[in-house]
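Pasted below: input.cif, mmCIF, C-alpha atoms.
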data_data
loop_
_atom_site.label_atom_id
_atom_site.label_comp_id
_atom_site.auth_asym_id
_atom_site.auth_seq_id
_atom_site.Cartn_x
_atom_site.Cartn_y
_atom_site.Cartn_z
CA MET A 1 0.00 0.00 0.00
CA SER A 2 1.42 3.38 -0.94
CA PRO A 3 1.83 6.00 1.78
CA GLN A 4 -1.03 8.35 2.35
CA SER A 5 -0.85 11.94 1.15
CA PRO A 6 -0.53 14.02 4.33
CA PHE A 7 0.55 17.18 2.54
CA LYS A 8 -1.44 19.84 0.83
CA ALA A 9 0.68 21.15 -2.03
CA MET A 10 0.37 24.87 -2.61
CA GLU A 11 1.08 26.51 -5.96
CA ALA A 12 3.37 29.45 -5.32
CA SER A 13 6.19 31.27 -6.97
CA PRO A 14 9.56 31.40 -5.09
CA SER A 15 8.81 34.96 -3.97
CA GLU A 16 5.40 33.94 -2.62
CA LYS A 17 6.52 30.92 -0.60
CA ASP A 18 5.77 31.03 3.11
CA PRO A 19 9.06 31.75 4.95
CA LEU A 20 8.24 29.20 7.66
CA LEU A 21 7.59 26.41 5.15
CA SER A 22 10.63 27.36 3.07
CA GLY A 23 12.88 27.28 6.13
CA LEU A 24 11.34 24.01 7.28
CA GLY A 25 11.90 22.43 3.88
CA GLN A 26 15.52 23.57 3.79
CA ARG A 27 16.21 22.13 7.26
CA VAL A 28 14.69 18.77 6.26
CA LYS A 29 16.83 18.74 3.12
CA LEU A 30 20.03 19.60 5.00
CA LEU A 31 19.37 17.07 7.77
CA ARG A 32 18.73 14.40 5.15
CA ALA A 33 21.94 15.29 3.33
CA ARG A 34 23.91 15.39 6.57
CA GLY A 35 22.78 11.86 7.37
CA GLY A 36 23.50 10.60 3.86
CA MET A 37 19.86 9.62 3.21
CA SER A 38 18.28 9.71 -0.23
CA ARG A 39 14.83 11.24 -0.56
CA ARG A 40 13.39 7.82 -1.33
CA MET A 41 15.02 6.31 1.77
CA LEU A 42 13.63 9.04 4.03
CA ALA A 43 10.18 8.79 2.46
CA GLU A 44 10.05 5.03 3.05
CA GLU A 45 11.27 5.28 6.63
CA ALA A 46 8.90 8.14 7.47
CA GLY A 47 5.96 6.45 5.75
CA VAL A 48 5.18 9.29 3.34
CA SER A 49 5.30 9.43 -0.44
CA GLU A 50 8.45 10.63 -2.16
CA ARG A 51 6.45 13.23 -4.10
CA HIS A 52 5.04 14.81 -0.95
CA LEU A 53 8.45 14.77 0.71
CA ALA A 54 9.73 16.65 -2.34
CA ASN A 55 6.95 19.21 -1.79
CA LEU A 56 7.98 19.60 1.83
CA GLU A 57 11.64 20.17 0.92
CA SER A 58 10.60 22.67 -1.77
CA GLY A 59 8.64 24.73 0.76
CA ILE A 60 5.25 24.08 -0.85
CA GLY A 61 4.07 21.21 1.35
CA ASN A 62 1.74 22.16 4.21
CA VAL A 63 2.39 19.11 6.38
CA SER A 64 0.56 18.00 9.52
CA VAL A 65 2.37 18.00 12.85
CA LEU A 66 2.05 14.22 13.25
CA VAL A 67 3.57 13.52 9.84
CA LEU A 68 6.30 16.07 10.50
CA GLN A 69 7.10 14.12 13.66
CA GLN A 70 7.43 10.95 11.55
CA VAL A 71 9.91 12.73 9.30
CA ALA A 72 11.86 14.00 12.32
CA LEU A 73 12.09 10.49 13.83
CA ALA A 74 13.26 9.06 10.51
CA LEU A 75 15.98 11.71 10.43
CA GLY A 76 17.03 10.91 14.00
CA SER A 77 16.25 14.47 15.10
CA SER A 78 13.64 16.19 17.20
CA LEU A 79 10.56 17.95 15.95
CA ALA A 80 11.90 21.11 17.57
CA GLU A 81 15.09 20.86 15.51
CA LEU A 82 13.08 20.79 12.28
CA LEU A 83 11.15 23.85 13.42
CA GLY A 84 14.39 25.69 14.13
CA ASP A 85 14.10 25.89 17.91
CA GLU A 86 15.01 23.86 20.96
CA THR A 87 12.92 22.81 23.92
CA THR A 88 13.87 21.79 27.41
CA SER A 89 12.07 19.68 29.99
CA THR A 90 13.67 20.95 33.22
CA PRO A 91 14.22 24.38 34.81
CA GLU A 92 17.98 23.77 34.69
CA GLY A 93 17.89 23.04 30.98
CA LEU A 94 15.80 26.13 30.35
CA MET A 95 18.23 28.32 32.33
CA ILE A 96 21.23 26.88 30.46
CA ARG A 97 19.46 27.53 27.18
CA LYS A 98 18.77 31.13 28.24
CA LEU A 99 22.40 31.58 29.29
CA LEU A 100 23.72 30.32 25.94
CA HIS A 101 21.17 32.07 23.76
CA GLY A 102 22.75 34.67 21.50
CA ARG A 103 26.33 33.66 22.29
CA GLY A 104 28.88 33.67 19.49
CA PRO A 105 30.83 30.64 18.21
CA GLU A 106 33.89 31.34 20.40
CA GLU A 107 31.79 31.68 23.56
CA LEU A 108 29.90 28.48 22.76
CA GLN A 109 33.19 26.69 22.16
CA ARG A 110 34.47 27.78 25.59
CA ALA A 111 31.19 26.66 27.17
CA HIS A 112 31.42 23.26 25.49
CA LYS A 113 35.02 22.86 26.66
CA ALA A 114 34.09 23.77 30.23
CA LEU A 115 31.20 21.30 30.26
CA ALA A 116 33.37 18.56 28.75
CA GLU A 117 35.99 19.09 31.46
CA LEU A 118 33.28 19.14 34.13
CA PHE A 119 31.88 15.81 32.99
CA GLY A 120 35.20 14.04 32.66
CA ALA A 121 36.40 14.44 29.07
CA ILE A 122 39.80 12.87 28.38
CA THR A 123 42.94 14.97 28.10
CA PRO A 124 44.43 16.26 24.81
CA GLY A 125 47.32 13.84 25.29
CA GLN A 126 44.93 10.90 25.49
CA ARG A 127 43.04 12.09 22.40
CA ARG A 128 46.24 11.87 20.35
CA ASN A 129 46.24 8.11 20.88
CA HIS A 130 43.35 7.80 18.41
CA ILE A 131 43.37 9.61 15.06
CA ALA A 132 40.04 9.94 13.24
CA LEU A 133 39.72 11.05 9.62
CA VAL A 134 36.41 12.68 8.68
CA GLY A 135 35.02 14.08 5.45
CA LEU A 136 32.93 13.19 2.44
CA ARG A 137 33.44 9.94 0.56
CA GLY A 138 36.31 10.30 -1.89
CA ALA A 139 38.44 12.59 0.28
CA GLY A 140 41.04 9.83 0.85
CA LYS A 141 40.14 8.68 4.37
CA SER A 142 40.66 4.96 3.74
CA THR A 143 43.72 5.23 1.50
CA LEU A 144 45.56 7.83 3.56
CA GLY A 145 44.35 6.42 6.88
CA ARG A 146 45.77 2.99 6.06
CA MET A 147 49.09 4.56 5.02
CA ALA A 148 49.25 6.73 8.16
CA ALA A 149 48.55 3.74 10.39
CA ALA A 150 51.37 1.77 8.73
CA GLN A 151 53.76 4.69 9.15
CA LEU A 152 52.88 5.07 12.83
CA GLY A 153 52.82 1.32 13.50
CA TRP A 154 49.23 1.55 14.72
CA PRO A 155 46.15 -0.56 13.83
CA PHE A 156 43.88 0.82 11.10
CA VAL A 157 40.11 0.74 11.69
CA GLU A 158 37.66 1.16 8.80
CA LEU A 159 34.49 2.07 10.68
CA ARG A 160 32.16 0.80 7.94
CA ALA A 161 33.89 -2.59 8.04
CA GLU A 162 33.50 -2.67 11.83
CA ILE A 163 29.79 -1.90 11.49
CA THR A 164 29.47 -4.81 9.05
CA ARG A 165 31.33 -7.12 11.44
CA ILE A 166 29.14 -6.20 14.41
CA ALA A 167 25.82 -6.27 12.56
CA GLY A 168 26.56 -9.25 10.33
CA CYS A 169 25.47 -7.32 7.24
CA SER A 170 26.58 -4.27 5.27
CA PRO A 171 25.57 -0.67 6.13
CA VAL A 172 23.35 -0.63 3.02
CA GLU A 173 21.58 -3.79 4.20
CA ILE A 174 21.20 -2.39 7.73
CA GLN A 175 19.53 0.73 6.32
CA ALA A 176 17.24 -1.32 4.09
CA LEU A 177 16.29 -3.94 6.70
CA TYR A 178 16.24 -2.02 9.97
CA GLY A 179 16.35 1.71 9.14
CA SER A 180 18.64 4.62 9.86
CA ASN A 181 18.23 4.57 13.63
CA ALA A 182 19.56 1.00 13.75
CA TYR A 183 22.50 2.00 11.56
CA ARG A 184 23.33 4.88 13.91
CA ARG A 185 23.31 2.50 16.89
CA TYR A 186 25.73 0.12 15.15
CA GLN A 187 27.92 3.04 14.13
CA ARG A 188 28.19 4.29 17.70
CA GLN A 189 28.96 0.78 18.96
CA ALA A 190 31.69 0.38 16.33
CA LEU A 191 33.30 3.67 17.38
CA GLU A 192 33.10 2.83 21.08
CA ASP A 193 34.64 -0.60 20.43
CA ALA A 194 37.51 0.93 18.45
CA VAL A 195 38.56 3.47 21.08
CA GLN A 196 38.17 0.95 23.92
CA THR A 197 39.90 -1.96 22.17
CA TYR A 198 42.97 -0.23 20.73
CA PRO A 199 45.36 1.85 22.88
CA HIS A 200 46.40 3.52 19.59
CA CYS A 201 44.68 3.44 16.18
CA VAL A 202 43.79 5.38 13.05
CA ILE A 203 40.07 5.44 12.25
CA ALA A 204 38.50 6.13 8.85
CA THR A 205 34.92 7.25 9.52
CA ALA A 206 31.88 7.17 7.26
CA GLY A 207 31.08 10.55 5.74
CA GLY A 208 27.64 10.65 7.32
CA LEU A 209 28.82 10.10 10.89
CA VAL A 210 28.29 13.80 11.58
CA GLY A 211 24.59 13.19 10.95
CA ASP A 212 24.45 11.77 14.47
CA PRO A 213 25.66 14.67 16.67
CA SER A 214 26.03 12.53 19.81
CA THR A 215 28.30 10.03 18.04
CA PHE A 216 30.26 12.85 16.44
CA ASP A 217 30.72 14.42 19.86
CA LEU A 218 32.00 11.05 21.11
CA LEU A 219 34.51 11.07 18.24
CA LEU A 220 35.70 14.61 18.99
CA THR A 221 36.01 13.81 22.68
CA ASN A 222 38.12 10.69 22.20
CA CYS A 223 40.08 11.30 19.00
CA LEU A 224 42.43 13.74 17.35
CA THR A 225 40.28 14.53 14.35
CA ILE A 226 41.41 15.55 10.85
CA TRP A 227 38.99 16.81 8.20
CA LEU A 228 40.14 15.60 4.79
CA GLN A 229 38.78 18.02 2.20
CA ALA A 230 38.55 17.86 -1.60
CA ASP A 231 36.81 19.70 -4.42
CA PRO A 232 33.36 18.28 -5.30
CA GLU A 233 34.65 17.20 -8.72
CA ASP A 234 37.47 15.24 -7.10
CA HIS A 235 35.05 13.60 -4.69
CA MET A 236 32.88 12.41 -7.57
CA ASN A 237 35.78 11.25 -9.76
CA ARG A 238 37.26 9.23 -6.90
CA VAL A 239 33.88 7.63 -6.11
CA ILE A 240 33.51 6.69 -9.78
CA ALA A 241 37.04 5.24 -9.72
CA GLN A 242 35.90 3.07 -6.80
CA GLY A 243 33.30 1.48 -9.05
CA GLU A 244 30.23 3.64 -8.47
CA GLN A 245 29.36 4.00 -12.18
CA ARG A 246 25.85 5.16 -11.32
CA GLN A 247 27.36 8.52 -10.36
CA MET A 248 28.05 9.12 -14.08
CA ALA A 249 24.36 8.99 -15.04
CA ASP A 250 23.80 12.66 -14.23
CA SER A 251 27.09 14.28 -13.30
CA ARG A 252 25.59 17.75 -12.96
CA LYS A 253 23.02 16.53 -10.42
CA ALA A 254 25.69 14.46 -8.63
CA ILE A 255 27.90 17.53 -8.22
CA GLU A 256 24.98 19.58 -6.93
CA ASP A 257 24.06 16.84 -4.44
CA LEU A 258 27.67 16.80 -3.23
CA ARG A 259 27.59 20.55 -2.71
CA VAL A 260 24.36 20.32 -0.70
CA THR A 261 25.75 17.45 1.38
CA LEU A 262 28.96 19.38 2.07
CA GLU A 263 26.94 22.47 3.00
CA SER A 264 24.92 20.44 5.49
CA ARG A 265 28.02 18.90 7.09
CA ALA A 266 30.70 21.58 6.79
CA ALA A 267 30.01 23.21 10.16
CA PHE A 268 30.40 19.79 11.83
CA TYR A 269 33.53 18.80 9.89
CA ALA A 270 35.00 22.18 10.84
CA LYS A 271 35.00 21.08 14.50
CA ALA A 272 37.96 18.81 13.67
CA ASP A 273 41.35 19.66 15.15
CA SER A 274 42.84 20.19 11.69
CA ALA A 275 41.77 20.32 8.05
CA TYR A 276 43.79 19.14 5.07
CA ASN A 277 42.86 19.47 1.38
CA THR A 278 43.82 16.52 -0.82
CA SER A 279 42.77 18.02 -4.17
CA GLY A 280 45.45 18.51 -6.82
CA LYS A 281 47.85 16.12 -5.10
CA THR A 282 49.11 12.64 -5.87
CA VAL A 283 48.56 9.98 -3.23
CA ASP A 284 52.17 10.31 -2.07
CA GLU A 285 51.92 14.10 -1.90
CA ALA A 286 48.65 13.91 0.04
CA PHE A 287 50.17 11.37 2.42
CA SER A 288 53.22 13.56 3.06
CA GLY A 289 50.97 16.53 3.75
CA LEU A 290 48.78 14.55 6.13
CA MET A 291 51.79 13.27 8.07
CA ALA A 292 53.09 16.85 8.31
CA ALA A 293 49.72 17.93 9.70
CA LEU A 294 49.80 15.10 12.24
CA ALA A 295 53.38 15.98 13.22
CA GLU A 296 52.13 19.39 14.36
CA HIS A 297 50.20 17.53 17.06
CA GLN A 298 53.42 15.87 18.33
CA LEU A 299 52.46 12.37 17.25
CA LYS A 300 55.13 9.70 17.47
CA PRO A 301 55.31 6.21 15.87
CA ALA A 302 54.67 3.27 18.19
#

Turn this file's structure into structure tokens for me.
Amino acid sequence: MSPQSPFKAMEASPSEKDPLLSGLGQRVKLLRARGGMSRRMLAEEAGVSERHLANLESGIGNVSVLVLQQVALALGSSLAELLGDETTSTPEGLMIRKLLHGRGPEELQRAHKALAELFGAITPGQRRNHIALVGLRGAGKSTLGRMAAAQLGWPFVELRAEITRIAGCSPVEIQALYGSNAYRRYQRQALEDAVQTYPHCVIATAGGLVGDPSTFDLLLTNCLTIWLQADPEDHMNRVIAQGEQRQMADSRKAIEDLRVTLESRAAFYAKADSAYNTSGKTVDEAFSGLMAALAEHQLKPA
């Protein structure tokens, strides 16, 4: 049975779109991109039709609150996050929210650091024992991560492979069989296992890990994190070289999707300790540059 039609599409020119619905649609689109979900995948998990989800993302879908909650749950976010606000359930939470409201990025960073220290975050020296590479697919996380681990004499952990080992099936199969929330649980377990099992290691993360803020915070807390960057064209060419020929079907749309995905994740990737751009470099050149970036953090081979 096809999903019901919970939206009322409204014909409107871009200038006539309701600002609330336009903002709502953009947040849904960015959250979906951040989590690496296709529109079809989100529609199936939320139980709505793909056409009506497209209306919602375009700012022309007047959706009910209950259906919007289904979309939020499928995205692993709160309804309040989709609406662009936050709610709290205790007086303390409300007072903290009031205290932080309107603060700039630097002030929020200091507040986060103070809270992390208060609740027992590990020291910078301990974080250097685990190196995590983040970024979009095709940035070089697996190739350069494996080379860096060999140079340092540390184990190399491919997080997607660990997820497959724990779940007994691939990430694609987990998404199809059990949904995105199950995948996020396996991803967090794989990360926790890696940092607890290995005194030292290099971790190549999945590009969509930042779609789960709590797991990403766990990564930042426990690992020295490097954002591997690349131009969108390089990302796509490297993915194609890995065998994803379907990316060639509509290269213009693929590039645009990459740009949207990067836009949705850039602020999270930017929380990494360092950033390094691999575009325009051979593998050996990129590896040398990455090792130079790691050397700035006083890393030493085992």

inquiry  = Counting all atoms listed in the file, which residue out of A:Gly25, A:Leu220, A:Leu209, A:Ala33 sits closest to Lys113 (chain A)?
reply    =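 Looking at the shortest contact to Lys113 (chain A), the residue is A:Leu220.
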
Point-to-point distance in Å for CA of Thr225 (chain A) and CA of His130 (chain A) =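 A separation of 8.4 Å between them.
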
Given the file shown, enumerate the residues that the PyMOL selection byres ((chain A and resi 20) around 12) captures and present them as a PDB file with C-alpha atoms, keeping the file's coordinate frame.
ATOM      1  CA  GLU A  16       5.400  33.940  -2.620  1.00  0.00           C
ATOM      2  CA  LYS A  17       6.520  30.920  -0.600  1.00  0.00           C
ATOM      3  CA  ASP A  18       5.770  31.030   3.110  1.00  0.00           C
ATOM      4  CA  PRO A  19       9.060  31.750   4.950  1.00  0.00           C
ATOM      5  CA  LEU A  21       7.590  26.410   5.150  1.00  0.00           C
ATOM      6  CA  SER A  22      10.630  27.360   3.070  1.00  0.00           C
ATOM      7  CA  GLY A  23      12.880  27.280   6.130  1.00  0.00           C
ATOM      8  CA  LEU A  24      11.340  24.010   7.280  1.00  0.00           C
ATOM      9  CA  GLY A  25      11.900  22.430   3.880  1.00  0.00           C
ATOM     10  CA  GLN A  26      15.520  23.570   3.790  1.00  0.00           C
ATOM     11  CA  ARG A  27      16.210  22.130   7.260  1.00  0.00           C
ATOM     12  CA  LEU A  56       7.980  19.600   1.830  1.00  0.00           C
ATOM     13  CA  GLU A  57      11.640  20.170   0.920  1.00  0.00           C
ATOM     14  CA  SER A  58      10.600  22.670  -1.770  1.00  0.00           C
ATOM     15  CA  GLY A  59       8.640  24.730   0.760  1.00  0.00           C
ATOM     16  CA  ILE A  60       5.250  24.080  -0.850  1.00  0.00           C
ATOM     17  CA  GLY A  61       4.070  21.210   1.350  1.00  0.00           C
ATOM     18  CA  ASN A  62       1.740  22.160   4.210  1.00  0.00           C
ATOM     19  CA  VAL A  63       2.390  19.110   6.380  1.00  0.00           C
ATOM     20  CA  LEU A  82      13.080  20.790  12.280  1.00  0.00           C
ATOM     21  CA  LEU A  83      11.150  23.850  13.420  1.00  0.00           C
ATOM     22  CA  GLY A  84      14.390  25.690  14.130  1.00  0.00           C
TER      23      GLY A  84
END

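The residue that comes closest to Gly179 (chain A), out of A:Leu31, A:Ala46, A:Ala272, A:Leu108 and on the basis of all atoms listed in the file, is A:Ala46.
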
query = Where does the PyMOL selection byres ((chain A and resi 181) around 10) land in this file, that is, which residues does it pick, as a list in words?
reply = Glu45, Leu73, Ala74, Leu75, Gly76, Ile174, Gln175, Tyr178, Gly179, Ser180, Ala182, Tyr183, Arg184, Arg185, Tyr186, Gln187 and Asp212 of chain A

Based on the selection just made, write C-alpha atoms of those residues as a CSV table (one decimal), keeping the file's coordinate frame.
chain,number,residue,atom,x,y,z
A,45,GLU,CA,11.3,5.3,6.6
A,73,LEU,CA,12.1,10.5,13.8
A,74,ALA,CA,13.3,9.1,10.5
A,75,LEU,CA,16.0,11.7,10.4
A,76,GLY,CA,17.0,10.9,14.0
A,174,ILE,CA,21.2,-2.4,7.7
A,175,GLN,CA,19.5,0.7,6.3
A,178,TYR,CA,16.2,-2.0,10.0
A,179,GLY,CA,16.4,1.7,9.1
A,180,SER,CA,18.6,4.6,9.9
A,182,ALA,CA,19.6,1.0,13.8
A,183,TYR,CA,22.5,2.0,11.6
A,184,ARG,CA,23.3,4.9,13.9
A,185,ARG,CA,23.3,2.5,16.9
A,186,TYR,CA,25.7,0.1,15.2
A,187,GLN,CA,27.9,3.0,14.1
A,212,ASP,CA,24.4,11.8,14.5

request  = Excluding Cys223 (chain A) and residues on its chain fewer than 5 positions from it, collect all residues at most 9 Å away from it, counting all atoms listed in the file, and give them as a list in words.
outcome  =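 In the requested format, the answer is Pro124, Gln126, Arg127, Arg128, Asn129, His130, Ile131, Ala132, Val195, Ile203 and Leu218 of chain A.
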
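Evaluated against this file, the PyMOL selection byres ((chain A and resi 194) around 10) yields His130, Pro155, Phe156, Val157, Glu158, Leu159, Glu162, Arg188, Gln189, Ala190, Leu191, Glu192, Asp193, Val195, Gln196, Thr197, Tyr198, Pro199, His200, Cys201, Val202 and Ile203 of chain A.
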
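The interatomic distance for the pair CA of Ser170 (chain A) and CA of Leu219 (chain A) works out to 21.6 Å.
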
inquiry  = Please compute the CA of Arg146 (chain A)-CA of Ile255 (chain A) distance, one decimal, in Å.
reply    = 27.1 Å

query = When distances are computed from all atoms listed in the file, which of A:Ala176, A:Ala292, A:Ala275, A:Leu144 shows the smallest separation from Ile226 (chain A)?
reply = A:Ala275

task = For the point (22.1, 14.1, 4.6) in the file's frame, write as a PyMOL selection string all residues with an atom no more than 12 Å away, counting all atoms listed in the file.
result = chain A and resi 26-39+41-42+74-76+136+180+207-212+257-266

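Distances to Asp273 (chain A) were evaluated for A:Ala286, A:Ile96, A:Val239, A:Leu133 using all atoms listed in the file, and the minimum falls at A:Leu133.
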
Box for region 253-266 of chain A: with edges along x, y and z, all listed atoms inside and 5 Å added on each side, what are the centre and edge lengths in Å to one decimal, as AutoDock Vina command-line options?
--center_x 26.9 --center_y 18.5 --center_z -1.7 --size_x 17.7 --size_y 18.0 --size_z 27.5

message = Restricting the calculation to all atoms listed in the file: of A:Ala116, A:Pro171, A:Phe216, A:His52, which residue gets closest to Arg40 (chain A)?
response =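 Result for the nearest residue to Arg40 (chain A): A:His52.
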
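Distances to Ser64 (chain A) were evaluated for A:Glu106, A:His101, A:Leu79, A:Ala230 using only C-alpha atoms, and the minimum falls at A:Leu79.
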
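For region 110-112 of chain A, the list of residues within 9 Å, based on only C-alpha atoms and with local chain neighbours fewer than 5 positions off taken out, reads A:Leu100, A:Pro105, A:Glu117.
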
Selection from above, C-alpha atoms, as a tab-separated table (two decimals), in the coordinates of the input, can you write it?
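Heads up, here's the output in result-v1.tsv:
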chain	number	residue	atom	x	y	z
A	100	LEU	CA	23.72	30.32	25.94
A	105	PRO	CA	30.83	30.64	18.21
A	117	GLU	CA	35.99	19.09	31.46
